[in-house]
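K.L.:
Got a structure for you, written out below as structure tokens; questions coming shortly.
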Amino acid sequence: MLAHTLTASDIAWHMRCHAMALRHEWITPNALLYAWESDLLTVTPEGHVCEVEVKCSRSDLLNDLRKPKHSQGLLLNGAFLEKHNGRSMTMNEAREEKRRRQGAQLCRRPNYFCFALPCVVYRNLKGVALPSYAGVYTVDDEGRVFEERRPLQLHSERIAMEDLLGLAKRMHHRYWEELRRGKHDPSRYALPSSVADERSDP
């Protein structure tokens with residue numbers, strides 16, 4: 001496989017900048033809104049959600065295509081997750097299961113879904129069939145984003161205000177948690193090795 005220098009964080013950042021240029025709002029990384037974690041969720045000015053799945057390699061992409069959101073039709077048809085491995089459900093999976101028991105006909109899902117990957121990886125995807133509904137965006141080593149294939153609209157429902165507030169709440173807690181870790185990180189108060197060595201001398 002050809003080497004490239006882009007990391008997942010790089011691609012997410014460039015996709016965030018691309019979404020901002022399109023006037024998308026509520027650009028949230030590592031979001032837990034559906035029955036799965038989303039690498040990046042953006043909300044269009046019309047209130048539609050676009051999920052961006054970041055992939056840095058062919059094998060990473062193939063692994064994602066095996067996930068239930070693709071293989072069981074959660075994204076395409078709004079099907080509910082079926083657990084076959086005996087594992088317990090995650091909190092978000094359990095929330096969707098509760099909705100189903102309460103009479104919901106479809107699982108919650110984004111309006112649009114797309115993959116974002118390095119240009120060099122996309123150019124070497126021979127034999128990989130991507131879902132017809134998935135958009136494809138590529139990013140080159142200079143950070144330029146290219147729309148290779150526009151995503152199909154999965155549904156037209158706008159994101160609910162409670163979901164927007166949920167995204168904001170999680171980002172709020174994430175910010176303060178990062179600040180707490182930084183403020184109370186013992187390494188911030190550690191003496192430089194040269195000073196510590198001097199103090200330990202007899």
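To be explicit about the labels: the chains of the structure tokens are called A, B, and onward in the order shown, and within each one the residues are counted from 1, while ligands get numbers from 1 in the order they are shown.
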May I have a table of the residues of region 43-85 of chain A lying at most 9 Å from region 136-156 of chain A, giving each one's closest pair of atoms and their distance in Å to one decimal, counting only C-alpha atoms, ordered by chain and ascending residue number, as a tab-separated table?
P.N.:
```
residue	atom	partner	partner_atom	distance
A:His48	CA	A:Ser156	CA	7.4
A:Leu75	CA	A:Leu154	CA	7.5
A:Leu76	CA	A:Leu154	CA	6.6
A:Asn77	CA	A:Leu154	CA	8.2
A:Gly78	CA	A:Leu154	CA	8.8
```
K.L.:
If you run DSSP on the backbone here, which positions in region 107-144 of chain A get helix (DSSP H, G or I)? Please write them as a count of residues only.
P.N.:
4
K.L.:
Which residue, A:Leu40, A:Ala104, A:Met89, A:Ala35, has the smallest gap to Leu74 (chain A) when you use only C-alpha atoms?
P.N.:
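Residue with the minimum atom-to-atom distance to Leu74 (chain A): A:Ala35.
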K.L.:
Between A:Gln105, A:Thr90, A:Ser9, A:Ser132, which residue has the minimum interatomic distance to Val54 (chain A), considering only C-alpha atoms?
P.N.:
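Closest to Val54 (chain A) of all the choices is A:Ser9.
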K.L.:
From the set A:Glu25, A:Glu51, A:Glu93, A:Glu178, which residue has the shortest atom-to-atom contact distance to Arg109 (chain A), counting only C-alpha atoms?
P.N.:
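Selected residue with least distance to Arg109 (chain A): A:Glu51.
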K.L.:
By how many Å are CA of His70 (chain A) and CA of Arg101 (chain A) apart?
P.N.:
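CA of Arg101 (chain A) lies at a distance of 22.3 Å from CA of His70 (chain A).
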K.L.:
Can you measure CA of Asn124 (chain A) to CA of His14 (chain A) for me? One decimal in Å is fine.
P.N.:
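These two atoms are separated by 21.0 Å.
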K.L.:
As a PyMOL selection string, please: all residues of region 68-147 of chain A that backbone DSSP puts in strand (DSSP E).
P.N.:
chain A and resi 112-118+135-139+145-147
K.L.:
Using only C-alpha atoms, which of A:Val43, A:Leu33, A:Ile11, A:Leu164 sits nearest Glu96 (chain A)?
P.N.:
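For Glu96 (chain A), the nearest of the given residues is A:Leu33.
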K.L.:
CA of Arg174 (chain A) and CA of Lys98 (chain A) are how many Å apart?
P.N.:
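Atom-to-atom, CA of Arg174 (chain A) to CA of Lys98 (chain A), that is 26.0 Å.
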K.L.:
Which one is closest to Tyr122 (chain A): A:Ala19, A:Ser57, A:Thr7, A:Cys50? Count only C-alpha atoms.
P.N.:
A:Ser57
K.L.:
Counting only C-alpha atoms, figure out which residue out of A:Met15, A:Val52, A:Leu81, A:Leu6 gets nearest to Ala31 (chain A).
P.N.:
A:Val52
K.L.:
Show which residues sit within 8 Å of Asn30 (chain A), as a ChimeraX atom specification. Count only C-alpha atoms, and ignore same-chain residues fewer than 2 positions away.
P.N.:
/A:28,32,37-41
